[in-house]
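Participant: This is the content of data04.csv (CSV, C-alpha atoms and all ligand atoms):
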```csv
chain,number,residue,atom,x,y,z
E,14,MET,CA,-103.3,-222.2,10.6
E,15,LEU,CA,-107.0,-221.8,9.8
E,16,TYR,CA,-109.1,-218.9,11.0
E,17,THR,CA,-112.8,-218.6,10.4
E,18,ASN,CA,-113.1,-215.1,11.8
E,19,ALA,CA,-111.4,-211.8,10.6
E,20,GLU,CA,-110.9,-210.5,14.1
E,21,GLN,CA,-109.1,-213.6,15.2
E,22,ALA,CA,-107.0,-213.7,12.0
E,23,ALA,CA,-106.1,-210.0,12.0
E,24,PRO,CA,-103.1,-210.1,14.4
E,25,ALA,CA,-101.6,-213.2,12.7
E,26,ILE,CA,-101.9,-211.7,9.2
E,27,ALA,CA,-100.5,-208.4,10.4
E,28,ALA,CA,-97.6,-210.1,12.0
E,29,CYS,CA,-96.8,-212.1,8.8
E,30,VAL,CA,-97.0,-209.0,6.6
E,31,LYS,CA,-95.0,-206.7,8.9
E,32,ASN,CA,-91.5,-207.7,7.8
E,33,LYS,CA,-92.4,-208.1,4.1
E,34,ARG,CA,-91.6,-205.6,1.3
E,35,HIS,CA,-93.3,-206.8,-1.9
E,36,ILE,CA,-96.8,-208.4,-1.7
E,37,LEU,CA,-98.3,-210.3,-4.7
E,38,LEU,CA,-102.1,-210.4,-4.6
E,39,ILE,CA,-103.7,-213.0,-6.9
E,40,THR,CA,-107.4,-213.8,-7.5
E,41,HIS,CA,-109.3,-216.5,-9.4
E,42,VAL,CA,-109.5,-217.2,-13.1
E,43,ASN,CA,-112.3,-215.3,-14.9
E,44,PRO,CA,-112.4,-212.8,-12.0
E,45,ASP,CA,-115.8,-211.4,-11.0
E,46,GLY,CA,-116.7,-208.2,-9.1
E,47,ASP,CA,-115.8,-209.7,-5.8
E,48,ALA,CA,-112.4,-210.8,-7.1
E,49,VAL,CA,-111.5,-207.5,-8.5
E,50,GLY,CA,-112.9,-205.6,-5.5
E,51,SER,CA,-110.8,-207.9,-3.2
E,52,LEU,CA,-107.6,-207.2,-5.2
E,53,LEU,CA,-108.1,-203.5,-5.1
E,54,GLY,CA,-109.5,-203.2,-1.6
E,55,LEU,CA,-106.6,-205.0,0.1
E,56,GLY,CA,-104.0,-204.0,-2.5
E,57,LEU,CA,-104.6,-200.3,-2.2
E,58,TYR,CA,-104.6,-200.5,1.6
E,59,TRP,CA,-101.3,-202.2,1.8
E,60,GLU,CA,-99.9,-199.8,-0.7
E,61,GLN,CA,-101.1,-197.0,1.5
E,62,CYS,CA,-99.1,-198.6,4.3
E,63,GLY,CA,-95.9,-198.4,2.2
E,64,TYR,CA,-95.6,-201.9,0.8
E,65,GLU,CA,-94.9,-202.6,-2.8
E,66,VAL,CA,-98.0,-204.3,-4.1
E,67,THR,CA,-98.6,-206.3,-7.3
E,68,MET,CA,-102.2,-207.2,-8.1
E,69,LEU,CA,-102.7,-210.0,-10.5
E,70,ALA,CA,-105.6,-211.8,-12.3
E,71,PRO,CA,-105.0,-215.0,-14.2
E,72,THR,CA,-107.3,-213.8,-17.0
E,73,PRO,CA,-108.7,-210.4,-18.1
E,74,LEU,CA,-111.2,-208.4,-15.9
E,75,PRO,CA,-114.9,-208.3,-16.7
E,76,ILE,CA,-116.0,-205.1,-18.6
E,77,PHE,CA,-118.1,-203.8,-15.7
E,78,THR,CA,-115.1,-203.5,-13.4
E,79,GLN,CA,-112.8,-201.8,-15.9
E,80,ARG,CA,-114.0,-198.2,-15.2
E,81,LEU,CA,-113.2,-198.4,-11.5
E,82,ARG,CA,-110.6,-195.7,-11.1
E,83,SER,CA,-107.8,-198.0,-10.1
E,84,ALA,CA,-108.7,-201.1,-12.2
E,85,ASP,CA,-105.7,-200.5,-14.5
E,86,ARG,CA,-103.5,-201.3,-11.5
E,87,ILE,CA,-104.5,-204.9,-11.9
E,88,LYS,CA,-102.3,-206.8,-14.3
E,89,VAL,CA,-103.1,-210.0,-16.2
E,90,TYR,CA,-100.7,-212.9,-15.8
E,91,SER,CA,-98.6,-213.9,-18.7
E,92,GLN,CA,-95.7,-216.4,-18.6
E,93,ALA,CA,-93.7,-213.8,-20.5
E,94,PRO,CA,-95.0,-210.2,-20.6
E,95,VAL,CA,-96.6,-209.6,-23.9
E,96,TYR,CA,-98.7,-206.5,-23.7
E,97,SER,CA,-98.3,-203.5,-21.4
E,98,ASN,CA,-101.0,-204.7,-19.1
E,99,THR,CA,-99.6,-208.3,-18.8
E,100,LEU,CA,-97.1,-209.3,-16.2
E,101,THR,CA,-95.0,-212.3,-15.2
E,102,LEU,CA,-94.3,-212.9,-11.5
E,103,PRO,CA,-91.8,-210.4,-10.0
E,104,GLU,CA,-88.7,-212.0,-8.3
E,105,THR,CA,-88.7,-209.4,-5.5
E,106,VAL,CA,-92.1,-210.7,-4.1
E,107,ASP,CA,-91.7,-212.0,-0.6
E,108,LEU,CA,-95.4,-212.8,0.2
E,109,VAL,CA,-98.2,-214.2,-1.9
E,110,VAL,CA,-101.9,-213.6,-0.9
E,111,LEU,CA,-104.8,-215.3,-2.6
E,112,VAL,CA,-108.2,-213.6,-2.4
E,113,ASP,CA,-111.7,-214.9,-3.2
E,114,THR,CA,-110.0,-218.1,-4.5
E,115,GLY,CA,-111.7,-221.3,-3.2
E,116,ASP,CA,-109.0,-223.6,-4.3
E,117,VAL,CA,-105.3,-222.9,-5.3
E,118,GLN,CA,-106.0,-224.5,-8.7
E,119,ARG,CA,-108.4,-221.7,-9.4
E,120,ILE,CA,-105.4,-219.4,-10.2
E,121,ALA,CA,-105.2,-221.6,-13.3
E,122,ARG,CA,-102.1,-221.1,-15.4
E,123,ILE,CA,-100.3,-219.3,-12.5
E,124,TYR,CA,-100.7,-222.5,-10.5
E,125,GLN,CA,-99.7,-224.8,-13.4
E,126,GLU,CA,-96.7,-222.8,-14.5
E,127,GLN,CA,-95.3,-221.3,-11.3
E,128,GLN,CA,-95.2,-224.2,-8.8
E,129,ALA,CA,-91.6,-223.4,-7.8
E,130,TYR,CA,-92.2,-219.7,-7.5
E,131,LEU,CA,-95.2,-220.3,-5.3
E,132,ALA,CA,-93.6,-222.9,-3.1
E,133,ALA,CA,-90.6,-220.6,-2.4
E,134,ARG,CA,-92.8,-217.9,-0.8
E,135,PRO,CA,-95.2,-217.8,2.2
E,136,LEU,CA,-98.9,-217.9,1.2
E,137,ILE,CA,-101.9,-216.3,2.9
E,138,ILE,CA,-105.4,-217.2,1.8
E,139,ILE,CA,-108.4,-214.9,2.5
E,140,ASP,CA,-111.6,-216.4,1.2
E,141,HIS,CA,-115.3,-217.0,1.8
E,142,HIS,CA,-115.9,-220.3,0.0
E,143,ALA,CA,-117.0,-223.2,2.2
E,144,THR,CA,-115.1,-225.6,-0.1
E,145,ASN,CA,-111.7,-223.9,0.5
E,146,SER,CA,-109.2,-226.5,1.5
E,147,GLY,CA,-107.0,-224.0,3.4
E,148,GLU,CA,-103.5,-224.6,1.8
E,149,GLY,CA,-101.9,-221.4,3.0
E,150,LEU,CA,-99.5,-220.8,5.8
E,151,ILE,CA,-102.3,-218.6,7.2
E,152,ASN,CA,-105.9,-219.2,6.0
E,153,LEU,CA,-108.8,-216.9,6.8
E,154,VAL,CA,-111.9,-218.7,5.4
E,155,ASP,CA,-115.2,-217.4,6.6
E,156,PRO,CA,-118.1,-218.9,4.6
E,157,SER,CA,-120.7,-216.9,6.6
E,158,ARG,CA,-119.6,-213.8,4.6
E,159,SER,CA,-121.7,-212.7,1.6
E,160,SER,CA,-118.5,-211.9,-0.3
E,161,ASN,CA,-114.8,-211.8,0.1
E,162,CYS,CA,-115.0,-208.0,0.1
E,163,GLU,CA,-117.3,-208.1,3.2
E,164,LEU,CA,-114.7,-210.3,4.9
E,165,LEU,CA,-111.9,-207.9,3.9
E,166,TYR,CA,-113.9,-205.1,5.3
E,167,GLU,CA,-114.0,-206.9,8.6
E,168,LEU,CA,-110.3,-207.5,8.5
E,169,LEU,CA,-109.6,-203.8,7.7
E,170,LYS,CA,-111.9,-202.8,10.6
E,171,ALA,CA,-110.0,-205.1,12.9
E,172,TRP,CA,-106.7,-203.4,11.8
E,173,ALA,CA,-108.4,-199.9,12.4
E,174,ALA,CA,-107.4,-199.2,8.8
E,175,GLN,CA,-108.0,-195.9,7.0
E,176,ILE,CA,-110.6,-196.7,4.3
E,177,THR,CA,-110.3,-194.3,1.5
E,178,PRO,CA,-113.2,-193.7,-0.9
E,179,GLU,CA,-111.3,-195.7,-3.5
E,180,ILE,CA,-110.9,-198.7,-1.2
E,181,ALA,CA,-114.6,-198.3,-0.2
E,182,THR,CA,-115.8,-198.3,-3.8
E,183,ALA,CA,-113.8,-201.5,-4.6
E,184,LEU,CA,-115.1,-203.4,-1.5
E,185,LEU,CA,-118.7,-202.2,-2.2
E,186,MET,CA,-118.4,-203.5,-5.7
E,187,GLY,CA,-117.7,-207.0,-4.4
E,188,ILE,CA,-120.5,-207.0,-1.8
E,189,THR,CA,-123.0,-205.7,-4.4
E,190,THR,CA,-122.1,-208.2,-7.1
E,191,ASP,CA,-121.7,-211.3,-4.9
E,192,THR,CA,-125.1,-210.7,-3.3
E,193,GLN,CA,-126.6,-209.9,-6.7
E,194,SER,CA,-127.4,-206.5,-5.4
E,195,PHE,CA,-128.5,-207.6,-2.0
E,196,LYS,CA,-130.9,-210.3,-3.3
E,197,THR,CA,-129.2,-213.6,-2.4
E,198,SER,CA,-129.7,-215.5,0.9
E,199,ASN,CA,-126.2,-214.4,2.1
E,200,THR,CA,-127.4,-210.8,2.3
E,201,THR,CA,-127.0,-210.8,6.1
E,202,PRO,CA,-127.3,-207.9,8.5
E,203,SER,CA,-123.5,-207.8,8.6
E,204,ALA,CA,-123.3,-207.6,4.8
E,205,LEU,CA,-125.8,-204.7,4.8
E,206,ARG,CA,-123.9,-203.0,7.6
E,207,ALA,CA,-120.6,-203.3,5.8
E,208,ALA,CA,-122.2,-201.8,2.7
E,209,ALA,CA,-123.7,-198.9,4.7
E,210,ASP,CA,-120.3,-198.3,6.4
E,211,LEU,CA,-118.6,-198.3,3.0
E,212,VAL,CA,-121.1,-195.8,1.5
E,213,GLU,CA,-120.4,-193.6,4.6
E,214,ALA,CA,-116.6,-193.9,3.9
E,215,GLY,CA,-117.2,-192.4,0.5
E,216,ALA,CA,-117.9,-195.4,-1.8
E,217,ASP,CA,-119.1,-194.4,-5.2
E,218,ARG,CA,-122.4,-196.3,-5.2
E,219,ALA,CA,-123.7,-194.6,-8.3
E,220,LEU,CA,-120.7,-195.7,-10.4
E,221,ILE,CA,-121.1,-199.3,-9.3
E,222,MET,CA,-124.8,-199.3,-10.2
E,223,ARG,CA,-124.2,-197.6,-13.6
E,224,ASP,CA,-121.2,-199.8,-14.5
E,225,VAL,CA,-122.6,-203.2,-13.3
E,226,TYR,CA,-126.3,-202.9,-14.1
E,227,SER,CA,-126.7,-200.3,-16.8
E,228,ASN,CA,-123.8,-201.1,-19.0
E,229,ILE,CA,-124.6,-204.5,-20.5
E,230,PRO,CA,-123.0,-204.8,-24.0
E,231,PHE,CA,-125.3,-205.1,-27.0
E,232,GLU,CA,-123.6,-208.4,-27.9
E,233,THR,CA,-124.3,-209.8,-24.5
E,234,ALA,CA,-128.0,-209.1,-24.9
E,235,LYS,CA,-128.0,-210.9,-28.3
E,236,LEU,CA,-126.3,-213.9,-26.6
E,237,LEU,CA,-128.9,-213.8,-23.8
E,238,SER,CA,-131.7,-214.0,-26.4
E,239,LEU,CA,-130.0,-217.0,-28.1
E,240,ALA,CA,-129.5,-218.8,-24.8
E,241,LEU,CA,-133.0,-218.1,-23.6
E,242,SER,CA,-134.4,-219.5,-26.8
E,243,GLU,CA,-132.8,-222.9,-25.8
E,244,LEU,CA,-134.0,-222.8,-22.2
E,245,LYS,CA,-135.3,-226.1,-21.0
E,246,ARG,CA,-137.2,-227.1,-17.9
E,247,GLU,CA,-137.8,-230.4,-16.0
E,248,GLY,CA,-139.7,-230.0,-12.8
E,249,ALA,CA,-138.0,-227.5,-10.6
E,250,ILE,CA,-134.8,-227.4,-12.7
E,251,ALA,CA,-134.2,-225.1,-15.7
E,252,TRP,CA,-131.0,-225.0,-17.8
E,253,THR,CA,-129.6,-223.8,-21.0
E,254,HIS,CA,-126.3,-223.5,-22.8
E,255,VAL,CA,-123.9,-221.2,-24.6
E,256,THR,CA,-121.9,-222.8,-27.4
E,257,GLN,CA,-118.8,-221.3,-29.1
E,258,VAL,CA,-120.9,-221.0,-32.3
E,259,MET,CA,-123.6,-219.0,-30.4
E,260,GLN,CA,-121.0,-216.8,-28.8
E,261,ARG,CA,-119.2,-216.1,-32.1
E,262,SER,CA,-122.3,-215.5,-34.1
E,263,VAL,CA,-123.1,-212.5,-32.0
E,264,GLY,CA,-119.5,-211.4,-31.2
E,265,ALA,CA,-120.1,-211.7,-27.4
E,266,SER,CA,-117.2,-211.7,-25.0
E,267,ASP,CA,-116.1,-214.7,-22.8
E,268,ASP,CA,-117.7,-213.2,-19.7
E,269,ALA,CA,-121.1,-212.6,-21.4
E,270,ALA,CA,-122.4,-216.0,-20.3
E,271,ALA,CA,-122.5,-214.7,-16.7
E,272,GLU,CA,-125.4,-212.6,-17.7
E,273,VAL,CA,-127.3,-215.7,-18.8
E,274,THR,CA,-126.5,-217.4,-15.4
E,275,ASP,CA,-127.9,-214.3,-13.6
E,276,TYR,CA,-131.0,-214.1,-15.7
E,277,ILE,CA,-132.1,-217.7,-15.3
E,278,ALA,CA,-131.3,-217.7,-11.6
E,279,ASN,CA,-134.0,-215.0,-11.2
E,280,LEU,CA,-136.8,-217.1,-12.7
E,281,GLY,CA,-139.6,-218.0,-10.4
E,282,GLY,CA,-141.0,-221.4,-9.5
E,283,LEU,CA,-137.6,-223.1,-9.8
E,284,LYS,CA,-135.2,-224.7,-7.2
E,285,ALA,CA,-132.1,-224.9,-9.3
E,286,THR,CA,-130.7,-223.6,-12.6
E,287,ALA,CA,-127.6,-224.5,-14.6
E,288,LEU,CA,-125.9,-222.8,-17.4
E,289,PHE,CA,-123.5,-224.9,-19.6
E,290,LYS,CA,-120.9,-222.8,-21.3
E,291,GLU,CA,-118.7,-224.4,-24.0
E,292,ARG,CA,-115.2,-223.1,-23.8
E,293,ARG,CA,-112.7,-222.6,-26.6
E,294,ASP,CA,-110.8,-225.7,-25.7
E,295,GLY,CA,-114.0,-227.8,-25.8
E,296,SER,CA,-114.4,-228.2,-22.0
E,297,VAL,CA,-117.7,-227.2,-20.5
E,298,LYS,CA,-118.1,-224.7,-17.6
E,299,VAL,CA,-121.2,-225.2,-15.6
E,300,SER,CA,-122.7,-222.4,-13.4
E,301,LEU,CA,-125.2,-223.6,-10.8
E,302,ARG,CA,-127.6,-221.6,-8.7
E,303,SER,CA,-130.2,-222.8,-6.2
E,304,VAL,CA,-132.7,-221.9,-3.5
E,305,PRO,CA,-131.7,-222.4,0.1
E,306,GLY,CA,-131.9,-226.1,1.1
E,307,ILE,CA,-130.3,-227.3,-2.1
E,308,ASP,CA,-126.5,-227.5,-1.9
E,309,VAL,CA,-125.1,-226.9,-5.4
E,310,ALA,CA,-121.5,-226.7,-4.1
E,311,ALA,CA,-121.8,-230.4,-3.2
E,312,VAL,CA,-123.0,-231.1,-6.8
E,313,ALA,CA,-120.1,-229.1,-8.2
E,314,GLN,CA,-117.7,-230.9,-6.0
E,315,ARG,CA,-118.7,-234.2,-7.5
E,316,PHE,CA,-117.2,-232.8,-10.7
E,317,GLY,CA,-114.1,-231.4,-9.2
E,318,GLY,CA,-115.5,-227.9,-8.8
E,319,GLY,CA,-116.9,-226.0,-5.8
E,320,GLY,CA,-118.2,-222.7,-4.6
E,321,HIS,CA,-121.1,-221.8,-2.3
E,322,ARG,CA,-124.2,-223.7,-1.3
E,323,GLN,CA,-126.4,-221.5,-3.5
E,324,ALA,CA,-123.9,-220.6,-6.3
E,325,ALA,CA,-121.2,-223.0,-7.5
E,326,GLY,CA,-119.4,-224.1,-10.6
E,327,ALA,CA,-117.3,-226.8,-12.2
E,328,THR,CA,-115.5,-227.7,-15.4
E,329,LEU,CA,-116.5,-230.9,-17.2
E,330,GLN,CA,-115.1,-232.6,-20.2
E,331,GLY,CA,-117.0,-232.1,-23.4
E,332,PRO,CA,-118.9,-232.7,-25.6
E,333,LEU,CA,-121.6,-230.4,-24.3
E,334,VAL,CA,-124.5,-232.8,-24.6
E,335,GLU,CA,-122.7,-235.4,-22.4
E,336,ALA,CA,-121.6,-232.9,-19.9
E,337,GLU,CA,-125.2,-231.7,-19.6
E,338,GLN,CA,-126.5,-235.2,-19.1
E,339,GLN,CA,-124.0,-236.1,-16.5
E,340,LEU,CA,-124.4,-233.0,-14.4
E,341,LEU,CA,-128.2,-232.8,-14.7
E,342,ALA,CA,-128.6,-236.4,-13.3
E,343,VAL,CA,-126.7,-235.3,-10.2
E,344,LEU,CA,-128.6,-232.0,-9.9
E,345,LYS,CA,-131.9,-233.7,-10.3
E,346,ALA,CA,-131.0,-236.2,-7.5
E,347,ALA,CA,-130.0,-233.3,-5.2
E,348,VAL,CA,-133.3,-231.5,-5.9
E,349,GLU,CA,-135.3,-234.7,-5.3
E,350,GLU,CA,-133.5,-235.4,-2.0
E,351,ALA,CA,-134.7,-232.0,-0.7
E,352,PRO,CA,-138.5,-231.9,-1.4
E,353,ASP,CA,-139.0,-229.1,1.2
E,354,ALA,CA,-136.5,-226.7,-0.3
B,1,LIG,P1,-119.8,-219.0,-11.4
B,1,LIG,O1,-120.8,-219.9,-11.7
B,1,LIG,O2,-120.4,-217.6,-11.3
B,1,LIG,O3,-118.6,-219.0,-12.2
B,1,LIG,O4,-119.3,-219.3,-9.9
B,1,LIG,C1,-120.1,-219.4,-8.8
B,1,LIG,C2,-119.3,-219.7,-7.6
B,1,LIG,O5,-118.6,-220.9,-7.6
B,1,LIG,C3,-118.2,-218.6,-7.4
B,1,LIG,O6,-118.0,-218.4,-6.0
B,1,LIG,C4,-116.9,-219.3,-7.9
B,1,LIG,O7,-115.8,-218.9,-7.3
B,1,LIG,C5,-117.2,-220.8,-7.6
B,1,LIG,N1,-116.7,-221.7,-8.7
B,1,LIG,C6,-117.0,-221.6,-10.0
B,1,LIG,N2,-116.3,-222.6,-10.7
B,1,LIG,C7,-115.6,-223.2,-9.8
B,1,LIG,C8,-114.6,-224.3,-9.9
B,1,LIG,O8,-114.3,-224.8,-11.0
B,1,LIG,N3,-114.0,-224.7,-8.8
B,1,LIG,C9,-114.3,-224.1,-7.6
B,1,LIG,N4,-113.6,-224.5,-6.5
B,1,LIG,N5,-115.1,-223.1,-7.4
B,1,LIG,C10,-115.8,-222.6,-8.5
B,2,MN,MN,-116.7,-214.1,-4.0
```
Please express what this file holds, its structure, as structure tokens.

Facilitator:
Amino acid sequence: MLYTNAEQAAPAIAACVKNKRHILLITHVNPDGDAVGSLLGLGLYWEQCGYEVTMLAPTPLPIFTQRLRSADRIKVYSQAPVYSNTLTLPETVDLVVLVDTGDVQRIARIYQEQQAYLAARPLIIIDHHATNSGEGLINLVDPSRSSNCELLYELLKAWAAQITPEIATALLMGITTDTQSFKTSNTTPSALRAAADLVEAGADRALIMRDVYSNIPFETAKLLSLALSELKREGAIAWTHVTQVMQRSVGASDDAAAEVTDYIANLGGLKATALFKERRDGSVKVSLRSVPGIDVAAVAQRFGGGGHRQAAGATLQGPLVEAEQQLLAVLKAAVEEAPDA
């Protein structure tokens, strides 16, 4: 069943959850603020209702989310538990819920290694990506929402849920980061209202601002300077890359490249930007951003990726130079087809 509206989906999701005992919440690989906020916002609520809840990310959390009071409740998936913060999938789970995950394959190794486990349990998907294929038993996919956290707020409201300051902080983190602090075109009246309601419910706005925006690691700044020195432009498109050598030379973390994506997305006079990030395995992650009128989700989909019309991503085969050439050709065509954007 596919719902595109939280109010309509609320009774169906509540009915499905009602007779369950142990809920496993999973989000996407390389989780961002919206992914972490979604796990905590919904996870803490269900815990409050008396369910056993396991919150799981396929890969470690970004640094800026780690100081959220309950962030250590989120475990990182491991096929066999290795460190105290890693976890394999508990047998007692009787419901799996994917949040902020546009495609089941975006849970990466959990998808590849746990097919039987996942197939044996009902699946609910709650997401805001237009490219979501809706593979759950119940799917709530509302692409009009700025963030998955805004969608979850609507769902909690429909359930007349008690929103604690901790839940409010988590949800506000997602809305703030997915709208790039209320700058992107999906900053709708409803997103702003949700944010206002969450501040009223006790969300720690100052903590989010400090941790997300005034906490950039020194190594990330060095990486940004390397990436910007390689910035290229052709017409209304600008792009650059981050190689493994660049990343290692300054000791930057894997999520540092996101800062480069954000920086170039804010340049004026452009219609689309691309950051090409070489991964350890040689594959290339591209992060695309665009102005309204240019659909980069469609560009990403041509390469097996997806996302939103103005912010999307995909993984390409290396080497880097070839990946750049292939993707830029498609991106240029998309920009040329929309001269009025
Ligand atoms: P980012 O460029 O920041 O990694 O991602 C931008 C948006 O595109 C996010 O909403 C993210 O979930 C989505 N996205 C990024 N990479 C992929 C991908 O490989 N597949 C899909 N389906 N979505 C992606
Ligand atoms: Mn999101």

Participant: List the spatial neighbours of Ile250 in chain E as number ranges by chain - criterion: any atom at most 9 Å away, only C-alpha atoms, same-chain residues fewer than 3 positions off excluded.

Facilitator: E: 245-247, 283-287, 341, 344-345, 348

Participant: Mind writing the picked residues with C-alpha atoms as a short mmCIF file (atom, residue, chain, number, x, y, z; two decimals), in the coordinates of the input?

Facilitator:
```
data_model
loop_
_atom_site.label_atom_id
_atom_site.label_comp_id
_atom_site.auth_asym_id
_atom_site.auth_seq_id
_atom_site.Cartn_x
_atom_site.Cartn_y
_atom_site.Cartn_z
CA LYS E 245 -135.30 -226.10 -21.00
CA ARG E 246 -137.20 -227.10 -17.90
CA GLU E 247 -137.80 -230.40 -16.00
CA LEU E 283 -137.60 -223.10 -9.80
CA LYS E 284 -135.20 -224.70 -7.20
CA ALA E 285 -132.10 -224.90 -9.30
CA THR E 286 -130.70 -223.60 -12.60
CA ALA E 287 -127.60 -224.50 -14.60
CA LEU E 341 -128.20 -232.80 -14.70
CA LEU E 344 -128.60 -232.00 -9.90
CA LYS E 345 -131.90 -233.70 -10.30
CA VAL E 348 -133.30 -231.50 -5.90
#
```

Participant: Chain E near ligand MN 2 (chain B) within 10 Å: what's each residue's closest atom pair and its distance in Å to one decimal, counting all atoms listed in the file, ordered by chain then ascending residue number, as a tab-separated table?

Facilitator:
```
residue	atom	partner	partner_atom	distance
E:Thr40	CA	B:MN2	MN	9.9
E:His41	CA	B:MN2	MN	9.5
E:Pro44	CA	B:MN2	MN	9.2
E:Asp45	CA	B:MN2	MN	7.6
E:Gly46	CA	B:MN2	MN	7.8
E:Asp47	CA	B:MN2	MN	4.8
E:Ala48	CA	B:MN2	MN	6.2
E:Val49	CA	B:MN2	MN	9.5
E:Gly50	CA	B:MN2	MN	9.4
E:Ser51	CA	B:MN2	MN	8.6
E:Val112	CA	B:MN2	MN	8.7
E:Asp113	CA	B:MN2	MN	5.1
E:Thr114	CA	B:MN2	MN	7.8
E:Gly115	CA	B:MN2	MN	8.8
E:Asp140	CA	B:MN2	MN	7.6
E:His141	CA	B:MN2	MN	6.6
E:His142	CA	B:MN2	MN	7.4
E:Pro156	CA	B:MN2	MN	9.9
E:Arg158	CA	B:MN2	MN	9.1
E:Ser159	CA	B:MN2	MN	7.6
E:Ser160	CA	B:MN2	MN	4.7
E:Asn161	CA	B:MN2	MN	5.1
E:Cys162	CA	B:MN2	MN	7.5
E:Glu163	CA	B:MN2	MN	9.4
E:Leu164	CA	B:MN2	MN	9.9
E:Gly187	CA	B:MN2	MN	7.2
E:Ile188	CA	B:MN2	MN	8.3
E:Thr190	CA	B:MN2	MN	8.6
E:Asp191	CA	B:MN2	MN	5.8
E:Thr192	CA	B:MN2	MN	9.1
E:Gly320	CA	B:MN2	MN	8.8
E:His321	CA	B:MN2	MN	9.0
E:Ala324	CA	B:MN2	MN	10.0
```

Participant: Calculated over all atoms listed in the file, which of the candidates E:Pro202, E:Leu136, E:Tyr58, E:Leu100 has the smallest distance to Ala181 in chain E?

Facilitator: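 Smallest separation from Ala181 in chain E among the options: E:Tyr58.
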
Participant: What separation in Å, quoted to one decimal, exists between CA of Ala216 in chain E and CA of Gln175 in chain E?

Facilitator: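 Between these atoms lies a distance of 13.3 Å.
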
Participant: Hey, which residues come within 8 Å of ligand LIG 1 (chain B) if we count all atoms listed in the file? Could you give them as number ranges by chain?

Facilitator: E: 41, 43, 45, 113-116, 118-119, 142, 144-145, 271, 274, 298-302, 310, 313-314, 317-321, 324-328

Participant: Which residues, written as a PyMOL selection string, have at least one atom at most 12 Å from Ala27 in chain E, with all atoms listed in the file counted and residues fewer than 6 positions away on the same chain left out?

Facilitator: chain E and resi 19-21+33+59+62+137+151+168-169+171-174

Participant: Nearest residue to Leu237 in chain E out of E:Thr99, E:Asp275, E:Ala207, E:Arg218, using only C-alpha atoms?

Facilitator: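 Once distances to Leu237 in chain E are computed over only C-alpha atoms, the minimum belongs to E:Asp275.
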
Participant: Please identify all polymer residues within 12 Å of Ile176 in chain E, counting all atoms listed in the file, omitting same-chain residues fewer than 5 positions from it, and present them as a VMD selection string.

Facilitator: chain E and resid 53 to 59 61 to 62 165 to 170 181 to 185 210 to 216

Participant: Could you jot down the CA of Val110 in chain E to CA of Ser266 in chain E separation for me, Å, one decimal place?

Facilitator: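 Answer for the CA of Val110 in chain E to CA of Ser266 in chain E separation: 28.6 Å.
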
Participant: Please measure the separation of CA of Ser83 in chain E and CA of Ile221 in chain E, giving the value in Å to one decimal.

Facilitator: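 Those two atoms sit 13.4 Å apart.
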